Every structure is written in structure tokens, then in C-alpha cells.
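In what follows, a single structure is set out as C-alpha cells and then discussed.
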Amino acid sequence: MPFQTRSSRTRQSTVLLVGIMVLILTIVAVMAAVLLANGTKETSMQLLQWKGRGTTKNLQEVILGRCYNYITTVNPELRDKDCQKIWETMQKAFIYKNPCNITTEDYQPLLDLASHTIPCNKSLFWSKTNDLVHHYTKTNHNFLTLEDTLLGYMADGVSWCGNPSSPGINYESCPKWSECESNPSSVYWKMASKMFAEGACGVVQVMLNGSIDAGAFRSNSIFGSVEIFNLDPDKVSTVQIWLMQNIGGPPSESCTGRSITRLKSILEERNLSVSCEDNYRPVQLLQCASDPDHADCTLCPNSVQ
């Protein structure tokens with residue numbers, strides 16, 4: 001009988017232990033399911049789809065690398081700029097924030113850190129001439145575009161945006177300019193463009209595309225909506241327009257065209273002197289590198305044949 005009693009107690013203990021283990025496993029399974037559900041919900045928030053490309057991979061390394069290169073090789077006079085602080089300030093402007101609710105206040109500390117003066121007579125604005133204008137500034141260092149400043153150099157060709165949930169940055173997609181006006185890139189470039197225009201002095205240049213059917217000057221471009229209205233008539237003596245047409249292509253507009261006439265009117269109303277030149281020769285010679293035998297590329301294009 002004592003042996004049977006001990007055996008019965010052993011079975012009871014075993015059953016109780018198994019029951020406890022089952023209960024623990026059930027609790028663990030429930031908790032895991034809850035965590036998985038929360039994780040799935042958070043992931044779905046992070047993967048909110050926009051129409052633009054997502055944040056550039058290794059953004060921190062890209063911005064820091066460009067910043068250090070700029071202050072050491074491109075413009076050593078800015079060697080005292082703190083690139084680490086510039087990156088941290090830039091990141092703070094958009095990380096963990098709704099990418100459609102960015103404000104000028106978010107970026108102001110960054111602009112204060114990274115801005116620098118541009119010498120008079122060197123500012124070169126552009127619209128729809130991206131490749132050509134930067135090809136020109138790479139060969140002629142007498143002119144600087146916004147992308148040749150520290151702010152423009154760091155961010156050129158880069159995309160970025162935040163997200164309210166972890167990890168705070170959206171690498172999958174970001175809003176395009178057309179999706180919401182107050183997205184990180186749009187606010188950044190408009191502020192940088194405004195500052196670039198405000199700092200211009202002396203004779204300034206603008207390179208426009210004369211081979212666009214819609215017109216060389218567009219009032220909804222950054223140049224047409226931001227930069228021309230922030231040129232200071234007390235500092236800028238003349239605005240020189242370089243209207244460039246494609247080599248061999250029919251010109252859609254000349255310096256007497258409708259959109260250029262409208263641009264001249266806007267500038268003159270702001271008490272700015274204006275001049276315009278079709279196919280500014282030093283720039284046209286760069287275009288001729290791809291088609292040197294074309295008639296437009298002869299040394300005396302206006303001579304009688």
C-alpha cells in the first residue's frame with residue numbers, strides 16, 4: 001500500500017507539471033502572436049508607399065563624405081565647417097517626422113551651419129539645363145551654381161524622407177514634389193535656392209533651354225517661382241540670360257520669344273537690368289564636343305558661306 005501511495009503521488013505531480021508547462025507554452029504563444037501582430041502593423045506603417053524613390057542607402061555616409069570632400073578639396077576656405085554637426089542637424093530636420101509636414105523651421109539650423117558667401121559676378125542660375133550648366137561650371141570655375149555650394153553639393157541627386165514609426169527613415173519610397181508640397185526635398189531645395197538668390201551680387205547669369213516647346217522660362221520652376229523673386233536689386237546690377245538651343249535641333253524660342261519676354265518684364269519690374277544672348281558661345285562649344293562637324297560648331301557660324 002505505501003508503494004501504491006507514492007506511485008499515485010508521482011503521477012499527480014507529473015500531471016501537474018505537464019499542466020503548468022502547457023499553460024506556460026500557451027501564454028508564450030499568445031504573447032508571440034500579439035508581438036507579431038504589432039510588428040506587422042508597424043511594418044505596414046513603415047512601408048507606406050509614395051511615388052518617389054526612397055531614402056538613398058547609406059545616406060549618412062554619403063552626406064558626410066561629400067561634406068568632408070567639399071571643405072577639404074572643393075572649397076578649403078570652409079575647412080572649419082563641422083560636417084558631423086551638419087549631418088546631425090540635417091537628420092534631425094526629417095527623421096521620425098511625417099514627410100508631408102516638413103517646415104522651413106526644421107531646416108533653418110542646417111542652413112545656418114552650412115551656408116557661405118558666393119563672390120560677386122559668379123552666381124549662375126539654371127532651369128532645364130542641368131547637365132549642360134554643370135558641365136560648364138566644371139570647366140569654367142568662374143561661375144557657381146547652387147549645386148556648387150556646400151548645401152547643393154551634399155544633396156545633389158540624393159533623396160531622403162522620414163517616417164513617424166521606427167526606424168524613423170523610409171528607405172522604400174518618399175513623396176514626389178507633386179504629392180505634397182512640404183516634403184523634405186522640396187522644402188530643402190526651395191530654402192537653399194532662396195538663400196542662393198539672396199546672396200547673389202554683381203552680374204548674375206541664368207542658363208535656360210531654348211529647345212523646349214513649352215517655353216524656356218517657366219513660372220512654376222524653382223528659378224521662376226523662388227530665385228528671381230529673391231534677387232536683391234540693390235546688390236544685383238544685371239541679369240544675363242544665356243538661351244541655349246540643342247545643336248542641330250530647331251530652336252523653339254529665341255531671346256525675343258514669348259516666355260523670355262515675360263521673364264524680362266518680371267525682372268525689369270523688380271528694377272533689375274536684363275540682357276539676353278542666344279547660344280552663348282563658350283557654352284555652345286561644349287555642346288559641339290559631341291558633334292564638332294555640325295554647321296553650328298564652325299568657328300564663324302554667322303559668316304556668309
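Just remember, in the C-alpha cells the first chain shown is A, the second B, etc., residues are 1-based per chain, and ligands are 1-based in the order shown.
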Wanna dump the range 179-224 of chain A-range 131-147 of chain A contacts at 10 Å for me, each residue with its shortest atom pair and the distance in Å to one decimal, counting only C-alpha atoms, ordered by chain and number, as JSON lines?
{"residue": "A:Trp189", "atom": "CA", "partner": "A:Leu146", "partner_atom": "CA", "distance": 9.4}
{"residue": "A:Ala192", "atom": "CA", "partner": "A:Leu146", "partner_atom": "CA", "distance": 7.7}
{"residue": "A:Ser193", "atom": "CA", "partner": "A:Leu146", "partner_atom": "CA", "distance": 6.9}
{"residue": "A:Met195", "atom": "CA", "partner": "A:Leu146", "partner_atom": "CA", "distance": 9.5}
{"residue": "A:Phe196", "atom": "CA", "partner": "A:Leu146", "partner_atom": "CA", "distance": 6.4}
{"residue": "A:Ala197", "atom": "CA", "partner": "A:Leu146", "partner_atom": "CA", "distance": 9.0}
{"residue": "A:Val204", "atom": "CA", "partner": "A:Phe143", "partner_atom": "CA", "distance": 9.2}
{"residue": "A:Gln205", "atom": "CA", "partner": "A:Phe143", "partner_atom": "CA", "distance": 8.7}
{"residue": "A:Val206", "atom": "CA", "partner": "A:Val133", "partner_atom": "CA", "distance": 9.4}
{"residue": "A:Met207", "atom": "CA", "partner": "A:Val133", "partner_atom": "CA", "distance": 7.0}
{"residue": "A:Leu208", "atom": "CA", "partner": "A:Val133", "partner_atom": "CA", "distance": 9.2}
{"residue": "A:Asn209", "atom": "CA", "partner": "A:Leu132", "partner_atom": "CA", "distance": 9.7}
Residues at most 12 Å from Lys92 in chain A, counting only C-alpha atoms, excluding those fewer than 6 positions away in the same chain, as number ranges by chain?
A: 85-86, 102, 105-110, 161-162, 168-169, 184
May I ask which of the residues A:Tyr280, A:Phe94, A:Tyr153, A:Phe217 is the closest one to Tyr68 in chain A, counting only C-alpha atoms?
A:Tyr153
According to DSSP computed on the backbone, where in range 97-236 of chain A is there strand (DSSP E or B)? Give the residues as a count of residues only.
19
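Residue nearest Lys235 in chain A within the list A:Asn220, A:Ser178, A:Gly215, A:Ser273: A:Ser273 [criterion: smallest interatomic distance, only C-alpha atoms].
Rounded to one decimal, CA of Asn246 in chain A and CA of Ser290 in chain A lie 11.2 Å from each other.
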